[in-house]
Amino acid sequence: MSNTQYWNRETSTIKQYSTPVTQQANIICISDPNDKANQKLYEGNLEGAKILAIGSQMSDFDIDLLRASNANVIFASHPNSREPLKMLLQEIPSIQWIHCRSAGIDSIASEELASSSVLMTNAKGAFSSTLAEYTMMAIAYFAKDLPRLLKQKDDRNWEKYCIEEIRGKTLGVVGYGDIGRAAAKLAKAYGMTVKALRRNPQHSQDDPICDEVYSNDKTSLHRIMSESDYILCAAPLTPESKGMFDEEAFASAKKNCVFINVGRGPIVEESALIGALKNGHLKGAALDVVAIEPLPKDSELWDLPNVLISPHNMDMTETFTQEATEFFIEENLPRFVRNELLLNPVDKVAGY
Amino acid sequence: MANIICLSDPHDDANQRLYHGNLPKGAQVIAVGSEIDHFDIGKLKEANANVIFVSHPKSREPLAKLIQQVPSIQWIHSRSAGIDFITSNELSNCGAMVTNAKGCFSSTLAEYTMMAISFFAKDLPRLLKQKHSKTWEKYCVEEIRGKTLGIIGYGDIGRAAGTLAKAYGMKVIALRRNPQNSQGDPICDEVYSNDKTSLCRLVSKSDYILCAAPLTPETRGLIDEKVFSSAKKNSVFINVGRGPIVEEDALIEALKNGPLKGAALDVVATEPLPKDSELWTLENVLLSPHNMDMTETFMHEATEFFIEENLPRFLRNDPLLNLVDKVAGY
């Protein structure tokens, strides 16, 4: 696929449209009608497009009316979209395109979706730089021993100690998409060595940001774990990636390795992670995602001193969801109504 | 010949190679001490001492005396970047060359700067509080990208921080004594000269202010109440230069009542920070014990710079690296 078929917030330019509209978009929103980020969409001043319905449960949708109105587009932003989406796909054959407002589609994936012929697009590229910023913060948190600084402040203790350089260390990126690559770019600016693991290593052959690229097999995973001072999981959750970071993977980790997860919690076998954090295989972990969100109060992760936890908000800027909706309105909708190729197509079978 | 006096701690691990290792041919250490009484001036003159290697923090007095009493001194090398700890009239007026460790500590301090910025942008204090209370509460974070970093003192350290900031997509504006030296600098979007109006203007445009200046008579107390009151609302102040460049009371005031959102200080006016300083208790302050450039090897590397770079140059009569302007103080 060509690079121009994916959108990147940092590098893409806004396209101007001068050609006429050739097909109408009749949009069903599986969304919260009170979601402020979608205001522009709900207001409805959309060229060649109309909002037919906004809801989040099956009972919110009048199927007959939607069929009669030739509903052909679904915009999904509600966290519980999976079931309504399945139903709409089954009941309304005129649906051509589903746009997912977030990057991860694991929350709406289903057999029905995977086997349908509809086009699917997502918010790939929308949140990368913020997660790259978080990644470097997580690295610095451990390299400069921020916990020690904060404790010393609490105790009014002025005690010098040695800090680690980030420069010269190795970052291993597992899942080398937009987010992985944005983090790699920053890591390179710091003078780190970058290694990546991805399903299609050939796509990164001449990548100047990446010093070495491995393919997605167990041996390679253990190898990248053994070579990296910091491991970043930026992979999507798919049947293939689920549970890939298991006991064996953590046992292969380089001494004093720090594990950072901005992908999805279930990619990690959480008990194996906790084990590795307790027995010293890992120096620490920074987790923006966990297996069950919100993290249950009885999870050991809350109590481990060498864990930095964030409530899956490290990409959550004040405007990020609004920008994600704007991407739909300003980039893909104009393309759809002009029968042009849509940006950010998702491989429904692969799951990302 | 290089006959070296070390104004240093004889047990300083980082200097062992200097004291006991292989030095370039023609160089030898003739004395190691930290107070003037440790030295036999007569013997030093006899041995034609011509180089002083300074690493002890309390070197100001002994150095001034050595300069006066040993006229054969040609070159003084400071193991650290800052020379504010050894300046004196005697030093300014003597004919000896002075060199320092400019450039040795820059990248680590740049890393610290971005960490300090992230600390506030992602509200790390809130994350840690929430962890403590086992609270899973989403909140909005700020992007670093698109924000403005204002750098006061645009030397090696300032420029290293600017380079990283640019990689993050920040806008970088800088203030220095010689703005013309930054004229086509790709890292720096705007450069100001060192006058009060420009300084106030720089802080009014910066989301993050980095002080990376040396301590000189000109910079002492430079960042005062007027400057802080000109700062952008919710800006963050970071200091990796020297504590006395900042009027600490004015800083504390700006932290308590605005406009500062917070501060990250690796240096303070009095080090160690006295236990009764309000800085310990202010929640919006990140304090570090002047160690954010202190890697396990940094002092060793600084000593090696002396041994491998400048000592050979001195012996060959080549120009030395990192000459300091004794009058300017850096």
# chains A, B, ... in the order shown; residues from 1 in each chain; ligands from 1

$ interface_residues --of "chain B" --to "chain A" --cutoff "7 Å" --atoms "only C-alpha atoms" --output "number ranges by chain"
B: 108, 115, 118, 127, 131, 134, 136-143, 164, 167-168, 272-273, 275, 280, 287-289, 291-292, 294-296

$ residues_around --residues "range 151-158 of chain B" --least-positions-apart "5" --cutoff "10 Å" --atoms "only C-alpha atoms" --output "PyMOL selection string"
chain B and resi 102-110+113+163+172-179+181-182+188+191-194+199+202-203+206+208-214+219+223+238-241+330

$ residues_around --residues "range 260-264 of chain B" --least-positions-apart "5" --cutoff "9 Å" --atoms "only C-alpha atoms" --output "ChimeraX atom specification"
/B:113,116-117,119-120,228-229,231-240,251,254-255,283-288

$ select_by_dssp --residues "range 66-191 of chain B" --states "strand (DSSP E)" --output "list in words"
Trp75, Ile76, His77, Ser78, Met97, Val98, Thr99, Thr148, Leu149, Gly150, Ile151, Ile152, Lys171, Val172, Ile173, Ala174, Leu175, Arg176, Glu190 and Val191 of chain B

$ write_last_selection --atoms "C-alpha atoms" --output "CSV table (one decimal), in the first residue's frame"
chain,number,residue,atom,x,y,z
B,75,TRP,CA,47.5,27.1,32.3
B,76,ILE,CA,44.6,26.3,34.6
B,77,HIS,CA,42.0,23.6,33.7
B,78,SER,CA,38.7,23.3,35.4
B,97,MET,CA,45.0,30.4,30.1
B,98,VAL,CA,41.9,28.9,31.6
B,99,THR,CA,40.0,26.0,30.0
B,148,THR,CA,7.5,27.0,23.1
B,149,LEU,CA,10.8,26.4,24.9
B,150,GLY,CA,12.6,29.6,25.8
B,151,ILE,CA,16.3,29.1,26.5
B,152,ILE,CA,18.2,31.6,28.6
B,171,LYS,CA,9.3,26.0,19.0
B,172,VAL,CA,12.6,27.1,20.3
B,173,ILE,CA,13.5,30.7,21.2
B,174,ALA,CA,16.8,31.6,22.8
B,175,LEU,CA,18.6,34.5,24.6
B,176,ARG,CA,22.3,34.9,24.5
B,190,GLU,CA,14.1,33.3,17.3
B,191,VAL,CA,17.2,34.6,19.1

$ select_by_dssp --residues "range 165-248 of chain B" --states "alpha helix (DSSP H)" --output "ChimeraX atom specification"
/B:165-167,196-205,225-230,248

$ residues_around --residues "Val174 in chain A" --least-positions-apart "2" --cutoff "8 Å" --atoms "only C-alpha atoms" --output "list in words"
Gly172, Tyr176, Gly180, Ala196, Leu197, Arg198, Ile231, Leu232, Cys233, Ala234 and Ala235 of chain A

$ atom_distance --atom1 "CA of Ala114 in chain A" --atom2 "CA of Glu330 in chain A"
26.6 Å

$ residues_around --residues "Gln24 in chain A" --least-positions-apart "6" --cutoff "6 Å" --atoms "only C-alpha atoms" --output "PDB file with N, CA and C atoms, in the first residue's frame"
ATOM      1  N   GLY A  48     -22.615  16.667   1.040  1.00  0.00           N
ATOM      2  CA  GLY A  48     -22.979  15.375   0.463  1.00  0.00           C
ATOM      3  C   GLY A  48     -23.281  14.320   1.506  1.00  0.00           C
ATOM      4  N   ALA A  49     -23.494  14.728   2.747  1.00  0.00           N
ATOM      5  CA  ALA A  49     -23.689  13.731   3.792  1.00  0.00           C
ATOM      6  C   ALA A  49     -24.789  14.142   4.758  1.00  0.00           C
ATOM      7  N   VAL A 337     -17.640  10.692  -0.513  1.00  0.00           N
ATOM      8  CA  VAL A 337     -18.712  11.233  -1.348  1.00  0.00           C
ATOM      9  C   VAL A 337     -18.235  11.547  -2.760  1.00  0.00           C
TER      10      VAL A 337
END

$ decode --residues "range 177-282 of chain A" --atoms "C-alpha atoms" --output "PDB file, in the first residue's frame"
ATOM      1  CA  GLY A 177       3.289   1.129  13.191  1.00  0.00           C
ATOM      2  CA  ASP A 178       2.714   4.873  13.462  1.00  0.00           C
ATOM      3  CA  ILE A 179       3.023   4.900  17.221  1.00  0.00           C
ATOM      4  CA  GLY A 180       6.087   2.669  17.296  1.00  0.00           C
ATOM      5  CA  ARG A 181       7.741   4.695  14.620  1.00  0.00           C
ATOM      6  CA  ALA A 182       6.983   8.034  16.298  1.00  0.00           C
ATOM      7  CA  ALA A 183       8.578   6.733  19.487  1.00  0.00           C
ATOM      8  CA  ALA A 184      11.545   5.432  17.515  1.00  0.00           C
ATOM      9  CA  LYS A 185      12.012   8.857  15.940  1.00  0.00           C
ATOM     10  CA  LEU A 186      12.246  10.512  19.336  1.00  0.00           C
ATOM     11  CA  ALA A 187      14.484   7.757  20.657  1.00  0.00           C
ATOM     12  CA  LYS A 188      16.859   8.335  17.755  1.00  0.00           C
ATOM     13  CA  ALA A 189      16.931  12.059  18.528  1.00  0.00           C
ATOM     14  CA  TYR A 190      18.152  11.069  22.004  1.00  0.00           C
ATOM     15  CA  GLY A 191      20.919   8.980  20.473  1.00  0.00           C
ATOM     16  CA  MET A 192      19.379   5.625  21.315  1.00  0.00           C
ATOM     17  CA  THR A 193      19.795   2.490  19.235  1.00  0.00           C
ATOM     18  CA  VAL A 194      16.419   1.373  17.887  1.00  0.00           C
ATOM     19  CA  LYS A 195      15.380  -2.176  17.065  1.00  0.00           C
ATOM     20  CA  ALA A 196      11.925  -3.086  15.859  1.00  0.00           C
ATOM     21  CA  LEU A 197       9.786  -6.178  15.574  1.00  0.00           C
ATOM     22  CA  ARG A 198       6.931  -6.274  13.099  1.00  0.00           C
ATOM     23  CA  ARG A 199       4.913  -8.690  10.988  1.00  0.00           C
ATOM     24  CA  ASN A 200       6.314  -7.271   7.779  1.00  0.00           C
ATOM     25  CA  PRO A 201      10.007  -6.530   8.392  1.00  0.00           C
ATOM     26  CA  GLN A 202      10.589  -5.963   4.710  1.00  0.00           C
ATOM     27  CA  HIS A 203       8.670  -2.685   5.012  1.00  0.00           C
ATOM     28  CA  SER A 204      11.399  -1.370   7.295  1.00  0.00           C
ATOM     29  CA  GLN A 205      14.434  -2.466   5.345  1.00  0.00           C
ATOM     30  CA  ASP A 206      15.718   1.025   4.564  1.00  0.00           C
ATOM     31  CA  ASP A 207      14.190   2.789   7.494  1.00  0.00           C
ATOM     32  CA  PRO A 208      16.739   5.338   8.790  1.00  0.00           C
ATOM     33  CA  ILE A 209      15.073   5.384  12.198  1.00  0.00           C
ATOM     34  CA  CYS A 210      15.436   1.694  12.806  1.00  0.00           C
ATOM     35  CA  ASP A 211      18.842   0.051  13.278  1.00  0.00           C
ATOM     36  CA  GLU A 212      17.605  -3.523  13.081  1.00  0.00           C
ATOM     37  CA  VAL A 213      14.235  -5.054  12.287  1.00  0.00           C
ATOM     38  CA  TYR A 214      13.004  -8.495  13.250  1.00  0.00           C
ATOM     39  CA  SER A 215      10.015 -10.490  12.133  1.00  0.00           C
ATOM     40  CA  ASN A 216       7.231 -11.636  14.386  1.00  0.00           C
ATOM     41  CA  ASP A 217       8.270 -15.028  15.706  1.00  0.00           C
ATOM     42  CA  LYS A 218       9.086 -16.271  19.177  1.00  0.00           C
ATOM     43  CA  THR A 219      12.832 -16.473  18.660  1.00  0.00           C
ATOM     44  CA  SER A 220      12.960 -12.908  17.403  1.00  0.00           C
ATOM     45  CA  LEU A 221      10.818 -11.710  20.279  1.00  0.00           C
ATOM     46  CA  HIS A 222      13.164 -13.291  22.807  1.00  0.00           C
ATOM     47  CA  ARG A 223      16.108 -11.854  20.952  1.00  0.00           C
ATOM     48  CA  ILE A 224      14.780  -8.291  20.980  1.00  0.00           C
ATOM     49  CA  MET A 225      13.936  -8.686  24.675  1.00  0.00           C
ATOM     50  CA  SER A 226      17.516  -9.756  25.396  1.00  0.00           C
ATOM     51  CA  GLU A 227      19.024  -6.835  23.498  1.00  0.00           C
ATOM     52  CA  SER A 228      16.867  -3.933  24.670  1.00  0.00           C
ATOM     53  CA  ASP A 229      17.278  -1.718  27.713  1.00  0.00           C
ATOM     54  CA  TYR A 230      13.736  -0.473  27.125  1.00  0.00           C
ATOM     55  CA  ILE A 231      10.964  -2.444  25.426  1.00  0.00           C
ATOM     56  CA  LEU A 232       7.995  -0.603  23.973  1.00  0.00           C
ATOM     57  CA  CYS A 233       4.879  -2.566  23.120  1.00  0.00           C
ATOM     58  CA  ALA A 234       3.002  -0.499  20.536  1.00  0.00           C
ATOM     59  CA  ALA A 235       1.232  -3.380  18.830  1.00  0.00           C
ATOM     60  CA  PRO A 236      -2.491  -3.689  18.136  1.00  0.00           C
ATOM     61  CA  LEU A 237      -4.478  -6.391  19.919  1.00  0.00           C
ATOM     62  CA  THR A 238      -5.163  -9.191  17.493  1.00  0.00           C
ATOM     63  CA  PRO A 239      -5.533 -12.963  17.887  1.00  0.00           C
ATOM     64  CA  GLU A 240      -1.859 -13.144  16.945  1.00  0.00           C
ATOM     65  CA  SER A 241      -0.578 -10.599  19.472  1.00  0.00           C
ATOM     66  CA  LYS A 242      -2.765 -11.643  22.376  1.00  0.00           C
ATOM     67  CA  GLY A 243      -0.623 -12.889  25.265  1.00  0.00           C
ATOM     68  CA  MET A 244       2.614 -12.604  23.309  1.00  0.00           C
ATOM     69  CA  PHE A 245       4.484 -11.175  26.278  1.00  0.00           C
ATOM     70  CA  ASP A 246       4.473 -14.236  28.470  1.00  0.00           C
ATOM     71  CA  GLU A 247       6.726 -15.741  31.110  1.00  0.00           C
ATOM     72  CA  GLU A 248       9.249 -16.896  28.544  1.00  0.00           C
ATOM     73  CA  ALA A 249       9.435 -13.478  26.931  1.00  0.00           C
ATOM     74  CA  PHE A 250      10.053 -11.729  30.251  1.00  0.00           C
ATOM     75  CA  ALA A 251      12.607 -14.340  31.255  1.00  0.00           C
ATOM     76  CA  SER A 252      14.548 -13.402  28.102  1.00  0.00           C
ATOM     77  CA  ALA A 253      14.655  -9.740  29.062  1.00  0.00           C
ATOM     78  CA  LYS A 254      17.990  -7.980  29.357  1.00  0.00           C
ATOM     79  CA  LYS A 255      19.068  -7.264  32.916  1.00  0.00           C
ATOM     80  CA  ASN A 256      17.447  -4.038  34.197  1.00  0.00           C
ATOM     81  CA  CYS A 257      15.050  -3.896  31.285  1.00  0.00           C
ATOM     82  CA  VAL A 258      12.087  -1.550  31.519  1.00  0.00           C
ATOM     83  CA  PHE A 259       8.813  -2.587  29.844  1.00  0.00           C
ATOM     84  CA  ILE A 260       6.464   0.062  28.441  1.00  0.00           C
ATOM     85  CA  ASN A 261       2.983  -0.708  27.107  1.00  0.00           C
ATOM     86  CA  VAL A 262       0.963   1.702  24.994  1.00  0.00           C
ATOM     87  CA  GLY A 263      -0.677  -1.007  22.877  1.00  0.00           C
ATOM     88  CA  ARG A 264      -3.319  -3.051  24.623  1.00  0.00           C
ATOM     89  CA  GLY A 265      -3.294  -4.777  27.989  1.00  0.00           C
ATOM     90  CA  PRO A 266      -4.160  -8.313  26.809  1.00  0.00           C
ATOM     91  CA  ILE A 267      -1.035  -8.444  24.642  1.00  0.00           C
ATOM     92  CA  VAL A 268       0.710  -9.033  27.968  1.00  0.00           C
ATOM     93  CA  GLU A 269       0.161 -11.990  30.250  1.00  0.00           C
ATOM     94  CA  GLU A 270      -0.325  -9.840  33.289  1.00  0.00           C
ATOM     95  CA  SER A 271       0.600 -12.433  35.901  1.00  0.00           C
ATOM     96  CA  ALA A 272       3.837 -13.089  34.028  1.00  0.00           C
ATOM     97  CA  LEU A 273       4.542  -9.349  34.001  1.00  0.00           C
ATOM     98  CA  ILE A 274       3.894  -9.077  37.721  1.00  0.00           C
ATOM     99  CA  GLY A 275       6.131 -12.079  38.329  1.00  0.00           C
ATOM    100  CA  ALA A 276       8.951 -10.526  36.306  1.00  0.00           C
ATOM    101  CA  LEU A 277       8.598  -7.226  38.156  1.00  0.00           C
ATOM    102  CA  LYS A 278       8.783  -8.973  41.510  1.00  0.00           C
ATOM    103  CA  ASN A 279      11.638 -11.342  40.780  1.00  0.00           C
ATOM    104  CA  GLY A 280      13.828  -8.706  39.185  1.00  0.00           C
ATOM    105  CA  HIS A 281      13.728  -9.863  35.566  1.00  0.00           C
ATOM    106  CA  LEU A 282      12.375  -6.409  34.871  1.00  0.00           C
TER     107      LEU A 282
END
